[in-house]
>>> print(open('protein_23.txt').read())   # compact mmCIF, C-alpha atoms
# COMPACT_ATOMS: atom_id res chain seq x y z
CA MET J 651 0.00 0.00 0.00
CA LYS J 652 2.79 2.39 0.90
CA LYS J 653 4.50 1.70 -2.42
CA ALA J 654 1.24 2.28 -4.23
CA MET J 655 0.82 5.55 -2.40
CA PHE J 656 4.19 6.81 -3.60
CA THR J 657 3.21 5.81 -7.12
CA VAL J 658 0.06 7.91 -6.94
CA LEU J 659 1.67 10.94 -5.33
CA SER J 660 4.92 10.95 -7.29
CA ALA J 661 4.07 9.50 -10.70
CA ALA J 662 5.75 12.34 -12.55
CA LEU J 663 8.98 12.06 -10.61
CA LEU J 664 9.14 8.34 -11.29
CA LEU J 665 8.52 8.90 -14.98
CA ALA J 666 11.20 11.57 -15.13
CA GLY J 667 13.63 9.39 -13.21
CA CYS J 668 13.11 6.43 -15.54
CA SER J 669 13.68 8.46 -18.67
CA SER J 670 16.40 10.91 -17.71
CA GLY J 671 19.34 8.53 -17.40
CA GLY J 672 21.36 7.02 -20.27
CA ASN J 673 20.91 3.45 -21.43
CA LYS J 674 24.16 1.78 -20.41
CA ASP J 675 23.86 -1.00 -22.97
CA THR J 676 23.48 1.26 -26.00
CA GLY J 677 24.86 4.55 -24.74
CA SER J 678 21.77 6.32 -26.00
CA THR J 679 19.68 8.75 -24.00
CA THR J 680 15.95 9.28 -24.09
CA ALA J 681 14.50 12.75 -23.58
CA PRO J 682 11.33 12.95 -21.46
CA SER J 683 8.14 13.37 -23.39
CA ALA J 684 6.33 16.71 -23.26
CA SER J 685 3.46 15.21 -21.24
CA ALA J 686 5.82 13.59 -18.72
CA ALA J 687 7.75 16.81 -18.32
CA ALA J 688 4.53 18.76 -17.81
CA THR J 689 3.35 16.28 -15.19
CA ALA J 690 6.69 16.45 -13.40
CA ALA J 691 6.52 20.22 -13.34
CA ALA J 692 2.98 20.11 -12.01
CA SER J 693 3.98 17.75 -9.19
CA ASN J 694 6.71 20.16 -8.08
CA LYS J 695 4.55 23.27 -8.24
CA PRO J 696 4.14 24.88 -4.80
CA VAL J 697 0.67 24.23 -3.40
CA THR J 698 -0.99 25.56 -0.27
CA LEU J 699 -3.92 23.67 1.23
CA ARG J 700 -6.19 24.75 4.06
CA VAL J 701 -7.27 21.78 6.19
CA ALA J 702 -9.87 22.02 8.97
CA TRP J 703 -11.18 19.63 11.60
CA TRP J 704 -12.90 19.50 14.97
CA GLY J 705 -11.93 17.56 18.06
CA GLY J 706 -10.12 17.61 21.38
CA GLN J 707 -6.49 18.42 22.06
CA ALA J 708 -5.24 14.87 21.48
CA ARG J 709 -6.77 14.84 17.97
CA HIS J 710 -5.31 18.25 17.22
CA ASP J 711 -1.84 17.12 18.28
CA TYR J 712 -1.69 13.97 16.19
CA THR J 713 -3.33 15.63 13.16
CA LEU J 714 -0.52 18.19 13.16
CA LYS J 715 1.90 15.23 13.08
CA LEU J 716 -0.03 13.83 10.09
CA ILE J 717 0.33 17.15 8.31
CA GLU J 718 4.06 17.22 9.04
CA LEU J 719 4.41 13.70 7.62
CA TYR J 720 2.50 14.61 4.46
CA GLN J 721 4.64 17.69 3.91
CA GLN J 722 7.77 15.57 4.32
CA LYS J 723 6.51 13.19 1.64
CA ASN J 724 5.34 16.09 -0.54
CA PRO J 725 7.80 18.98 -0.12
CA ASN J 726 5.93 21.15 -2.61
CA VAL J 727 2.82 21.19 -0.39
CA LYS J 728 2.26 23.55 2.52
CA ILE J 729 -0.76 22.91 4.74
CA GLU J 730 -2.44 25.56 6.86
CA SER J 731 -4.45 24.04 9.70
CA GLU J 732 -7.69 25.22 11.27
CA TYR J 733 -9.35 23.42 14.15
CA ALA J 734 -11.89 23.93 16.93
CA ALA J 735 -14.29 22.15 19.26
CA PHE J 736 -17.35 20.68 17.50
CA ASP J 737 -19.85 23.50 18.11
CA ASP J 738 -17.33 26.27 17.39
CA TYR J 739 -16.18 24.46 14.26
CA TRP J 740 -19.61 24.68 12.61
CA LYS J 741 -20.04 28.29 13.71
CA LYS J 742 -16.81 29.12 11.87
CA LEU J 743 -17.61 27.00 8.83
CA ALA J 744 -21.03 28.56 8.12
CA PRO J 745 -19.78 32.06 7.21
CA GLN J 746 -16.91 30.54 5.23
CA ALA J 747 -19.45 28.55 3.20
CA ALA J 748 -21.58 31.65 2.65
CA ALA J 749 -18.52 33.51 1.32
CA ASN J 750 -17.37 30.58 -0.87
CA GLY J 751 -14.30 30.37 1.34
CA LEU J 752 -14.42 26.84 2.71
CA PRO J 753 -11.10 25.11 3.45
CA ASP J 754 -9.70 22.89 0.69
CA VAL J 755 -10.12 19.80 2.89
CA PHE J 756 -12.32 19.69 5.96
CA GLN J 757 -14.02 17.26 8.29
CA MET J 758 -17.70 16.74 7.58
CA ASP J 759 -20.39 15.33 9.86
CA ILE J 760 -23.39 13.33 8.69
CA SER J 761 -25.76 15.87 10.28
CA TYR J 762 -24.49 18.55 7.89
CA LEU J 763 -23.70 16.41 4.85
CA THR J 764 -26.94 16.97 2.95
CA GLN J 765 -26.99 20.66 3.83
CA TYR J 766 -23.56 21.27 2.31
CA GLY J 767 -23.71 18.57 -0.35
CA SER J 768 -27.04 19.54 -1.88
CA LYS J 769 -26.01 23.20 -2.14
CA GLY J 770 -23.08 22.40 -4.40
CA GLN J 771 -20.43 23.29 -1.81
CA LEU J 772 -18.68 19.89 -1.86
CA GLU J 773 -16.64 18.47 -4.72
CA ASP J 774 -17.72 15.15 -6.24
CA LEU J 775 -14.80 12.81 -5.51
CA THR J 776 -15.90 10.15 -8.00
CA PRO J 777 -13.51 11.28 -10.79
CA PHE J 778 -10.60 10.97 -8.36
CA THR J 779 -11.63 7.42 -7.46
CA THR J 780 -11.79 6.61 -11.18
CA SER J 781 -8.34 8.04 -11.86
CA GLY J 782 -6.82 6.32 -8.82
CA VAL J 783 -5.85 9.53 -7.05
CA LEU J 784 -8.26 8.45 -4.33
CA ASN J 785 -7.88 4.69 -3.92
CA VAL J 786 -11.13 2.91 -2.96
CA LYS J 787 -10.35 -0.62 -4.18
CA ASP J 788 -9.85 -1.86 -0.59
CA ILE J 789 -13.00 -0.15 0.71
CA SER J 790 -16.48 -1.70 0.72
CA GLU J 791 -19.40 -0.03 -1.01
CA ASN J 792 -21.22 0.16 2.35
CA SER J 793 -18.37 2.28 3.70
CA LEU J 794 -18.55 4.59 0.70
CA SER J 795 -22.32 4.92 0.39
CA GLY J 796 -22.74 7.02 3.52
CA GLY J 797 -20.82 9.85 1.87
CA LYS J 798 -23.05 10.12 -1.18
CA VAL J 799 -25.57 12.90 -1.81
CA ASP J 800 -27.71 12.77 -4.93
CA GLY J 801 -25.54 9.93 -6.21
CA LYS J 802 -22.29 11.90 -5.87
CA LEU J 803 -19.46 10.93 -3.53
CA VAL J 804 -19.06 14.26 -1.75
CA ALA J 805 -17.53 12.94 1.47
CA MET J 806 -14.97 10.23 2.17
CA ASN J 807 -15.59 8.02 5.19
CA ALA J 808 -12.80 8.66 7.72
CA GLY J 809 -13.59 5.52 9.74
CA SER J 810 -16.41 3.24 10.83
CA ASN J 811 -18.30 3.54 14.10
CA ALA J 812 -21.10 1.72 15.83
CA LEU J 813 -23.25 2.66 18.78
CA ALA J 814 -21.70 1.21 21.91
CA ALA J 815 -21.95 1.27 25.68
CA THR J 816 -18.74 2.07 27.53
CA VAL J 817 -19.31 0.43 30.91
CA ASP J 818 -17.56 0.25 34.26
CA PRO J 819 -17.23 -3.53 34.87
CA GLN J 820 -16.20 -3.09 38.50
CA MET J 821 -19.31 -1.05 39.24
CA LEU J 822 -21.46 -3.77 37.70
CA LYS J 823 -19.65 -6.46 39.68
CA ASP J 824 -20.01 -4.53 42.94
CA ALA J 825 -23.75 -4.19 42.27
CA GLY J 826 -24.11 -7.89 41.46
CA ILE J 827 -25.06 -7.16 37.84
CA THR J 828 -24.03 -9.40 34.96
CA PRO J 829 -24.44 -7.61 31.62
CA LYS J 830 -25.87 -9.56 28.69
CA GLN J 831 -24.79 -9.38 25.07
CA ASP J 832 -28.39 -8.82 24.02
CA TRP J 833 -29.66 -6.75 26.95
CA THR J 834 -32.76 -4.65 26.41
CA PHE J 835 -34.18 -1.37 27.67
CA ALA J 836 -36.29 -3.47 30.03
CA ASP J 837 -33.08 -4.95 31.46
CA TRP J 838 -31.74 -1.43 31.91
CA ASP J 839 -34.88 -0.45 33.77
CA ALA J 840 -34.15 -3.11 36.39
CA ILE J 841 -30.41 -2.33 36.42
CA GLY J 842 -31.19 1.35 36.99
CA ALA J 843 -33.13 0.52 40.16
CA THR J 844 -30.28 -1.63 41.48
CA LEU J 845 -27.67 1.06 40.78
CA LYS J 846 -29.82 3.77 42.33
CA SER J 847 -29.90 1.78 45.58
CA LYS J 848 -26.08 1.86 45.51
CA GLY J 849 -25.97 5.62 44.92
CA LYS J 850 -25.03 5.29 41.24
CA MET J 851 -26.69 6.30 37.98
CA LEU J 852 -27.58 4.15 35.01
CA THR J 853 -26.06 6.70 32.61
CA GLY J 854 -25.62 10.45 32.42
CA SER J 855 -28.05 10.80 29.51
CA LEU J 856 -28.94 9.38 26.12
CA ARG J 857 -28.59 11.83 23.24
CA ASP J 858 -32.05 12.43 21.84
CA ASP J 859 -30.88 12.91 18.24
CA VAL J 860 -29.10 9.54 18.39
CA TYR J 861 -31.16 7.27 20.59
CA PHE J 862 -34.70 8.18 19.61
CA PRO J 863 -33.92 7.48 15.91
CA PHE J 864 -32.19 4.27 17.06
CA TYR J 865 -35.32 3.27 19.02
CA LEU J 866 -37.44 3.98 15.93
CA ARG J 867 -35.27 1.60 13.88
CA GLY J 868 -36.01 -1.10 16.45
CA VAL J 869 -39.75 -0.75 15.90
CA GLY J 870 -39.47 -0.62 12.12
CA GLN J 871 -39.76 3.15 11.73
CA LYS J 872 -37.46 5.94 10.52
CA PHE J 873 -36.83 9.35 12.02
CA TYR J 874 -36.90 11.09 8.62
CA ALA J 875 -38.88 10.29 5.50
CA ALA J 876 -36.82 9.27 2.48
CA ASP J 877 -37.48 12.55 0.65
CA GLY J 878 -36.62 14.66 3.71
CA THR J 879 -39.89 16.61 3.62
CA GLN J 880 -41.35 15.19 6.84
CA LEU J 881 -40.65 12.86 9.73
CA GLY J 882 -40.51 9.17 8.87
CA TYR J 883 -43.30 8.20 11.27
CA SER J 884 -46.90 9.39 11.53
CA ASP J 885 -48.00 7.52 14.65
CA ASP J 886 -46.96 9.09 17.96
CA LYS J 887 -46.86 5.76 19.80
CA PRO J 888 -43.07 5.19 19.41
CA PHE J 889 -42.37 8.70 20.74
CA ILE J 890 -44.77 8.17 23.65
CA ASP J 891 -43.37 4.72 24.49
CA TYR J 892 -39.72 5.82 24.39
CA TYR J 893 -40.08 9.07 26.31
CA THR J 894 -42.44 7.58 28.89
CA MET J 895 -39.63 5.14 29.67
CA TYR J 896 -37.03 7.91 29.59
CA LYS J 897 -39.07 10.16 31.88
CA LYS J 898 -39.47 7.31 34.35
CA TRP J 899 -35.69 6.89 34.46
CA TYR J 900 -35.17 10.60 34.88
CA ASP J 901 -37.75 10.98 37.64
CA ALA J 902 -36.29 7.96 39.46
CA GLY J 903 -32.80 9.48 39.44
CA TYR J 904 -31.24 6.98 37.04
CA LEU J 905 -30.04 9.87 34.83
CA LEU J 906 -28.19 13.11 35.45
CA PRO J 907 -30.42 16.10 36.34
CA LEU J 908 -30.70 18.67 33.55
CA ASP J 909 -29.12 21.47 35.56
CA LYS J 910 -26.03 19.36 36.19
CA ALA J 911 -25.97 18.11 32.60
CA ALA J 912 -25.89 21.74 31.41
CA GLN J 913 -22.66 22.27 33.36
CA LYS J 914 -20.87 19.38 31.68
CA LYS J 915 -17.88 20.33 29.53
CA GLY J 916 -18.29 17.42 27.14
CA THR J 917 -14.74 16.20 27.76
CA PRO J 918 -13.80 12.59 28.60
CA GLU J 919 -12.44 13.77 31.97
CA ASP J 920 -15.87 15.18 32.86
CA ASP J 921 -17.80 12.06 31.83
CA ASP J 922 -19.98 10.44 34.50
CA THR J 923 -18.70 6.91 33.87
CA VAL J 924 -15.11 8.16 34.02
CA LEU J 925 -15.91 9.93 37.30
CA GLY J 926 -17.42 6.74 38.74
CA ALA J 927 -20.95 8.14 39.00
CA ALA J 928 -22.64 6.12 36.24
CA MET J 929 -22.51 2.56 34.95
CA SER J 930 -22.48 3.44 31.27
CA THR J 931 -21.68 6.10 28.71
CA ASN J 932 -23.53 5.54 25.46
CA GLY J 933 -22.10 6.95 22.27
CA TRP J 934 -19.87 5.86 19.41
CA SER J 935 -17.24 3.17 19.53
CA ASN J 936 -14.33 5.48 18.65
CA GLN J 937 -15.00 7.48 21.85
CA PHE J 938 -14.02 4.46 23.97
CA LEU J 939 -10.27 5.09 23.82
CA ALA J 940 -10.50 8.62 25.18
CA LEU J 941 -12.91 7.56 27.92
CA ASN J 942 -10.77 4.59 28.94
CA ALA J 943 -7.64 6.74 29.04
CA ALA J 944 -9.35 9.41 31.13
CA ALA J 945 -10.72 6.82 33.57
CA LYS J 946 -7.23 5.45 34.30
CA ARG J 947 -8.87 2.07 34.91
CA SER J 948 -10.15 -0.67 32.64
CA LEU J 949 -13.54 -0.02 31.06
CA ASP J 950 -15.40 -2.39 28.74
CA LEU J 951 -17.13 -1.91 25.40
CA LEU J 952 -20.54 -3.58 25.08
CA PRO J 953 -23.53 -3.38 22.72
CA VAL J 954 -26.22 -0.82 23.45
CA PRO J 955 -29.59 -2.15 24.69
CA ASN J 956 -32.16 -3.28 22.09
CA TRP J 957 -29.49 -3.52 19.37
CA SER J 958 -30.90 -6.82 18.09
CA GLN J 959 -34.53 -5.70 17.85
CA ASN J 960 -35.29 -5.45 14.14
CA LYS J 961 -31.48 -5.27 13.58
CA ALA J 962 -31.52 -1.68 14.82
CA LEU J 963 -27.71 -1.60 15.08
CA PHE J 964 -25.89 0.02 12.16
CA LEU J 965 -22.42 1.09 11.12
CA LYS J 966 -21.93 4.82 10.79
CA PRO J 967 -19.09 6.85 9.36
CA SER J 968 -17.50 8.42 12.42
CA MET J 969 -16.92 11.52 10.31
CA PHE J 970 -15.96 12.34 6.74
CA TRP J 971 -13.34 14.24 4.79
CA SER J 972 -14.72 16.55 2.11
CA VAL J 973 -13.09 18.73 -0.55
CA SER J 974 -14.49 22.21 -1.17
CA LYS J 975 -16.11 22.81 -4.53
CA ASN J 976 -14.27 26.14 -4.62
CA SER J 977 -10.84 24.70 -3.92
CA LYS J 978 -8.22 25.81 -6.44
CA ASN J 979 -6.18 22.67 -5.74
CA LYS J 980 -8.77 19.88 -5.86
CA GLU J 981 -6.45 17.13 -7.04
CA GLU J 982 -3.90 17.84 -4.32
CA ALA J 983 -6.76 18.02 -1.83
CA ALA J 984 -7.94 14.58 -3.00
CA LYS J 985 -4.37 13.27 -2.64
CA PHE J 986 -4.32 14.45 0.96
CA VAL J 987 -7.63 12.70 1.64
CA ASN J 988 -6.17 9.55 0.08
CA PHE J 989 -3.17 9.88 2.39
CA LEU J 990 -5.43 10.05 5.44
CA ILE J 991 -7.49 7.04 4.34
CA ASN J 992 -4.91 4.72 2.76
CA ASP J 993 -1.39 5.59 3.91
CA ILE J 994 -0.25 3.04 6.48
CA ASP J 995 2.31 5.37 8.08
CA ALA J 996 -0.43 7.96 8.53
CA ASN J 997 -2.78 5.43 10.07
CA LYS J 998 -0.08 4.30 12.48
CA ILE J 999 -0.40 7.81 13.87
CA ILE J 1000 -4.22 7.91 13.79
CA MET J 1001 -4.61 4.36 15.20
CA GLY J 1002 -8.37 4.32 14.67
CA GLU J 1003 -9.10 7.47 16.70
CA ARG J 1004 -11.34 8.76 13.91
CA GLY J 1005 -13.08 5.39 13.65
CA VAL J 1006 -11.93 1.96 12.52
CA PRO J 1007 -10.16 2.39 9.16
CA VAL J 1008 -12.30 1.65 6.11
CA SER J 1009 -9.39 0.23 4.08
CA SER J 1010 -9.04 -3.52 4.60
CA LYS J 1011 -5.28 -3.28 3.98
CA VAL J 1012 -4.85 -0.58 6.58
CA LYS J 1013 -6.83 -2.58 9.14
CA GLU J 1014 -4.69 -5.64 8.43
CA ALA J 1015 -1.49 -3.62 8.85
CA LEU J 1016 -2.61 -2.09 12.15
CA MET J 1017 -3.93 -5.19 13.91
CA PRO J 1018 -0.54 -6.42 15.24
CA LEU J 1019 0.19 -2.92 16.57
CA LEU J 1020 -2.99 -2.40 18.56
CA THR J 1021 -3.07 -2.01 22.32
CA PRO J 1022 -5.62 -4.17 24.17
CA GLU J 1023 -7.94 -1.13 24.37
CA GLN J 1024 -7.64 -0.35 20.66
CA LYS J 1025 -8.23 -4.00 19.86
CA LYS J 1026 -11.52 -3.85 21.78
CA VAL J 1027 -12.72 -1.11 19.43
CA PHE J 1028 -11.60 -2.87 16.24
CA GLU J 1029 -13.17 -6.16 17.36
CA TYR J 1030 -16.40 -4.47 18.43
CA VAL J 1031 -16.82 -2.75 15.08
CA ALA J 1032 -16.07 -6.04 13.29
CA TRP J 1033 -18.77 -7.71 15.40
CA ALA J 1034 -21.19 -4.86 14.73
CA GLU J 1035 -20.61 -5.13 10.99
CA LYS J 1036 -21.86 -8.72 11.11
CA ASN J 1037 -24.92 -7.81 13.20
CA ALA J 1038 -26.00 -4.52 11.67
CA SER J 1039 -28.46 -3.45 9.03
CA PRO J 1040 -27.86 -0.57 6.58
CA MET J 1041 -27.80 2.88 8.15
CA ASP J 1042 -30.44 5.47 7.37
CA PRO J 1043 -29.74 7.99 4.58
CA PRO J 1044 -27.92 11.22 5.50
CA SER J 1045 -30.09 13.62 7.49
CA PRO J 1046 -32.03 16.08 5.31
CA ILE J 1047 -31.72 19.85 5.19
CA GLY J 1048 -33.32 21.22 8.35
CA SER J 1049 -32.19 18.27 10.48
CA VAL J 1050 -30.04 20.44 12.76
CA GLU J 1051 -33.09 22.56 13.55
CA VAL J 1052 -35.25 19.46 14.04
CA GLU J 1053 -32.72 17.90 16.41
CA LYS J 1054 -32.58 21.09 18.47
CA LEU J 1055 -36.38 21.08 18.55
CA LEU J 1056 -36.33 17.51 19.84
CA LYS J 1057 -33.85 18.38 22.59
CA ASP J 1058 -35.93 21.38 23.68
CA THR J 1059 -39.14 19.32 23.60
CA VAL J 1060 -37.63 16.59 25.77
CA GLU J 1061 -36.50 19.21 28.30
CA GLN J 1062 -40.10 20.43 28.48
CA ILE J 1063 -41.17 16.86 29.25
CA LEU J 1064 -38.58 16.42 31.98
CA TYR J 1065 -39.39 19.83 33.50
CA LYS J 1066 -43.06 18.77 33.46
CA LYS J 1067 -44.14 21.63 31.22
CA LEU J 1068 -45.61 19.18 28.70
CA THR J 1069 -46.98 15.68 29.05
CA VAL J 1070 -45.33 13.06 26.88
CA GLU J 1071 -48.49 12.89 24.75
CA GLU J 1072 -48.61 16.67 24.28
CA ALA J 1073 -44.92 16.76 23.45
CA ALA J 1074 -45.24 13.96 20.89
CA ALA J 1075 -47.96 15.77 18.94
CA LYS J 1076 -46.27 19.17 19.18
CA PHE J 1077 -42.88 17.87 18.12
CA ARG J 1078 -44.31 16.03 15.10
CA LYS J 1079 -46.25 19.11 13.98
CA ASP J 1080 -43.34 21.55 14.40
CA ALA J 1081 -40.73 19.18 12.94
CA ASN J 1082 -42.86 18.51 9.87
CA ALA J 1083 -43.25 22.28 9.37
CA ILE J 1084 -39.46 22.67 9.34
CA LEU J 1085 -38.93 19.77 6.92
CA ALA J 1086 -41.79 20.81 4.62
CA LYS J 1087 -39.53 23.60 3.36
CA ASN J 1088 -37.64 20.90 1.45
CA LYS J 1089 -40.60 20.27 -0.86
CA LYS J 1090 -39.85 21.27 -4.42
>>> encode(input="protein_23.txt", output="structure tokens")
Amino acid sequence: MKKAMFTVLSAALLLAGCSSGGNKDTGSTTAPSASAAATAAASNKPVTLRVAWWGGQARHDYTLKLIELYQQKNPNVKIESEYAAFDDYWKKLAPQAAANGLPDVFQMDISYLTQYGSKGQLEDLTPFTTSGVLNVKDISENSLSGGKVDGKLVAMNAGSNALAATVDPQMLKDAGITPKQDWTFADWDAIGATLKSKGKMLTGSLRDDVYFPFYLRGVGQKFYAADGTQLGYSDDKPFIDYYTMYKKWYDAGYLLPLDKAAQKKGTPEDDDTVLGAAMSTNGWSNQFLALNAAAKRSLDLLPVPNWSQNKALFLKPSMFWSVSKNSKNKEEAAKFVNFLINDIDANKIIMGERGVPVSSKVKEALMPLLTPEQKKVFEYVAWAEKNASPMDPPSPIGSVEVEKLLKDTVEQILYKKLTVEEAAAKFRKDANAILAKNKK
């Protein structure tokens, strides 16, 4: 793979090198062709790329090392980096998009993919996959499909994730609880009561924009309709069933109170499982490493409850890499994305932090190098891949507003300003009004 990478990035130099020397047998020399010389000149032309991403300090640090490595391998390329925490990142990106000033390469999230992709702000990477600049031959179609909008590959999967429960095994043992591979929300209801009697929580919270859609998958429904013009369900029963259960947990003290949740910094060090206050943190599998490191004790990675109901579990791109439609250096930008996805040296630095690599060759190369904690993540995602059904399509335009509406509506339930039934009807009406703007 590494050799192939050099072939892609330095084709012109290789061509020039093969044709510039004399033939020792005949004494003749061969001048480089005009096309080879032009390609060589193009490969040496100074290029500046802007690259942007979100994440914590550890991600920032190793991404700067990746950039340094790429610049060493490509001396003609200078990379300017831009990074921020998740919320600040999107606040900075929005005005850049409005001014046609997006970075050449930038991290993309599935919540924003349709919004940016359908407005023509992301370059279609398909021609680069055809030419071989972006190598996808070792990547499954399922891993690629999540980055497509209107049939165009506008985002490259940076790594695979699956919903997972990061649990404190010692807390479970002390409470006399044996977790099951196929535990359910009903099991968690009983576990919550046991933990509460020990002064512990079930979990800090369950993200509404993640776990309500996941619950809907389990009952054969979708959060969004396929055309993005309305919610994917018309019967309020799933909403009522899920949030009646959630409210019970909240009222019983199995979850973190809203006022305390609002004070959370969102860092691994501030996580309730890390702090020893909750049995489980429920998010994405790539978050396990940071949580385990912050805990300074051994945590375990287990399936989330109800994963097997209607094959609700799915693989999700942890994040994507996109190239700006307005980039003046699109091919070099695509080469950098290829480096991040396929270069083994690069992935020895990343080590799956952005999700389990999508290239089968990269995964194979990394397996002997993994720590026991990293191996847990790789093995969990491999297990999930065998037990998952296809993920839902990318969220439609307006999804960010709908997800905020859901969060606000759930807070009204928990603060007892709305009954679950009232909230279900109000949310469906207001969410459909937001999504109806997508009708053409």
>>> atom_distance(input="protein_23.txt", atom1="atom CA of J:Lys980", atom2="atom CA of J:Leu784")
11.5 Å
>>> residues_around(input="protein_23.txt", residues="J:Lys898", least_positions_apart="6", cutoff="12 Å", atoms="all atoms listed in the file", output="number ranges by chain")
J: 838-840, 842-843, 890-892, 904-905, 1063-1064, 1070
>>> closest_residue(input="protein_23.txt", among="J:Leu1085, J:Leu908, J:Met895, J:Leu963", to="J:Gln1062", atoms="only C-alpha atoms")
J:Leu908
>>> residues_near_point(input="protein_23.txt", point="(-16.8, 28.1, 3.5)", cutoff="9 Å", atoms="all atoms listed in the file", output="ChimeraX atom specification")
/J:742-753,771,974,976
>>> atom_distance(input="protein_23.txt", atom1="atom CA of J:Phe889", atom2="atom CA of J:Thr1059")
11.5 Å
>>> closest_residue(input="protein_23.txt", among="J:Ser930, J:Trp971, J:Val1060, J:Ser1009", to="J:Lys985", atoms="only C-alpha atoms")
J:Trp971
>>> closest_residue(input="protein_23.txt", among="J:Val973, J:Val954, J:Val987, J:Val869", to="J:Asp885", atoms="all atoms listed in the file")
J:Val869
>>> closest_residue(input="protein_23.txt", among="J:Tyr893, J:Ala962, J:Ala734, J:Ile789", to="J:Val1012", atoms="only C-alpha atoms")
J:Ile789
>>> atom_distance(input="protein_23.txt", atom1="atom CA of J:Gly809", atom2="atom CA of J:Leu1055")
29.0 Å
>>> closest_residue(input="protein_23.txt", among="J:Met1001, J:Ala708, J:Ala984, J:Met929", to="J:Phe756", atoms="only C-alpha atoms")
J:Ala984
>>> closest_residue(input="protein_23.txt", among="J:Asp1058, J:Glu1003, J:Asp921, J:Glu1071", to="J:Asn936", atoms="all atoms listed in the file")
J:Glu1003
>>> residues_around(input="protein_23.txt", residues="J:Asp759", least_positions_apart="2", cutoff="7 Å", atoms="only C-alpha atoms", output="ChimeraX atom specification")
/J:757,761-763,969-970
>>> residues_around(input="protein_23.txt", residues="J:Pro1022", least_positions_apart="5", cutoff="12 Å", atoms="all atoms listed in the file", output="PyMOL selection string")
chain J and resi 939+942+948-951+1017+1027-1029
>>> residues_near_point(input="protein_23.txt", point="(-3.4, 14.4, 14.4)", cutoff="10 Å", atoms="only C-alpha atoms", output="MDAnalysis selection string")
chainID J and resid 703 705 707:718 996:997 999:1000 1003:1004
>>> residues_around(input="protein_23.txt", residues="J:Ser810", least_positions_apart="2", cutoff="7 Å", atoms="all atoms listed in the file", output="ChimeraX atom specification")
/J:965-968,1005-1008
>>> residues_around(input="protein_23.txt", residues="stretch 792-799 of chain J", least_positions_apart="2", cutoff="7 Å", atoms="all atoms listed in the file", output="ChimeraX atom specification")
/J:764,767-768,789-790,801-807,967,1008,1044
>>> decode(input="protein_23.txt", residues="stretch 946-955 of chain J", atoms="N, CA, C and O atoms", output="CSV table (one decimal), in the first residue's frame")
chain,number,residue,atom,x,y,z
J,946,LYS,N,-8.4,6.0,33.7
J,946,LYS,CA,-7.2,5.4,34.3
J,946,LYS,C,-7.5,4.1,35.0
J,946,LYS,O,-7.0,3.8,36.0
J,947,ARG,N,-8.5,3.4,34.5
J,947,ARG,CA,-8.9,2.1,34.9
J,947,ARG,C,-9.5,1.4,33.7
J,947,ARG,O,-9.9,2.0,32.8
J,948,SER,N,-9.7,0.1,33.8
J,948,SER,CA,-10.1,-0.7,32.6
J,948,SER,C,-11.7,-0.6,32.5
J,948,SER,O,-12.4,-1.0,33.4
J,949,LEU,N,-12.1,0.0,31.4
J,949,LEU,CA,-13.5,0.0,31.1
J,949,LEU,C,-13.8,-1.0,30.0
J,949,LEU,O,-12.9,-1.5,29.3
J,950,ASP,N,-15.0,-1.4,29.8
J,950,ASP,CA,-15.4,-2.4,28.7
J,950,ASP,C,-16.3,-1.8,27.7
J,950,ASP,O,-17.0,-0.8,27.9
J,951,LEU,N,-16.3,-2.4,26.5
J,951,LEU,CA,-17.1,-1.9,25.4
J,951,LEU,C,-18.2,-3.0,25.1
J,951,LEU,O,-17.8,-4.1,24.8
J,952,LEU,N,-19.4,-2.6,25.3
J,952,LEU,CA,-20.5,-3.6,25.1
J,952,LEU,C,-21.6,-3.0,24.1
J,952,LEU,O,-21.6,-1.8,23.9
J,953,PRO,N,-22.4,-3.9,23.6
J,953,PRO,CA,-23.5,-3.4,22.7
J,953,PRO,C,-24.5,-2.5,23.5
J,953,PRO,O,-24.6,-2.7,24.7
J,954,VAL,N,-25.2,-1.6,22.8
J,954,VAL,CA,-26.2,-0.8,23.5
J,954,VAL,C,-27.5,-1.7,23.6
J,954,VAL,O,-27.7,-2.7,22.8
J,955,PRO,N,-28.4,-1.4,24.5
J,955,PRO,CA,-29.6,-2.2,24.7
J,955,PRO,C,-30.5,-2.1,23.4
J,955,PRO,O,-30.5,-1.1,22.7
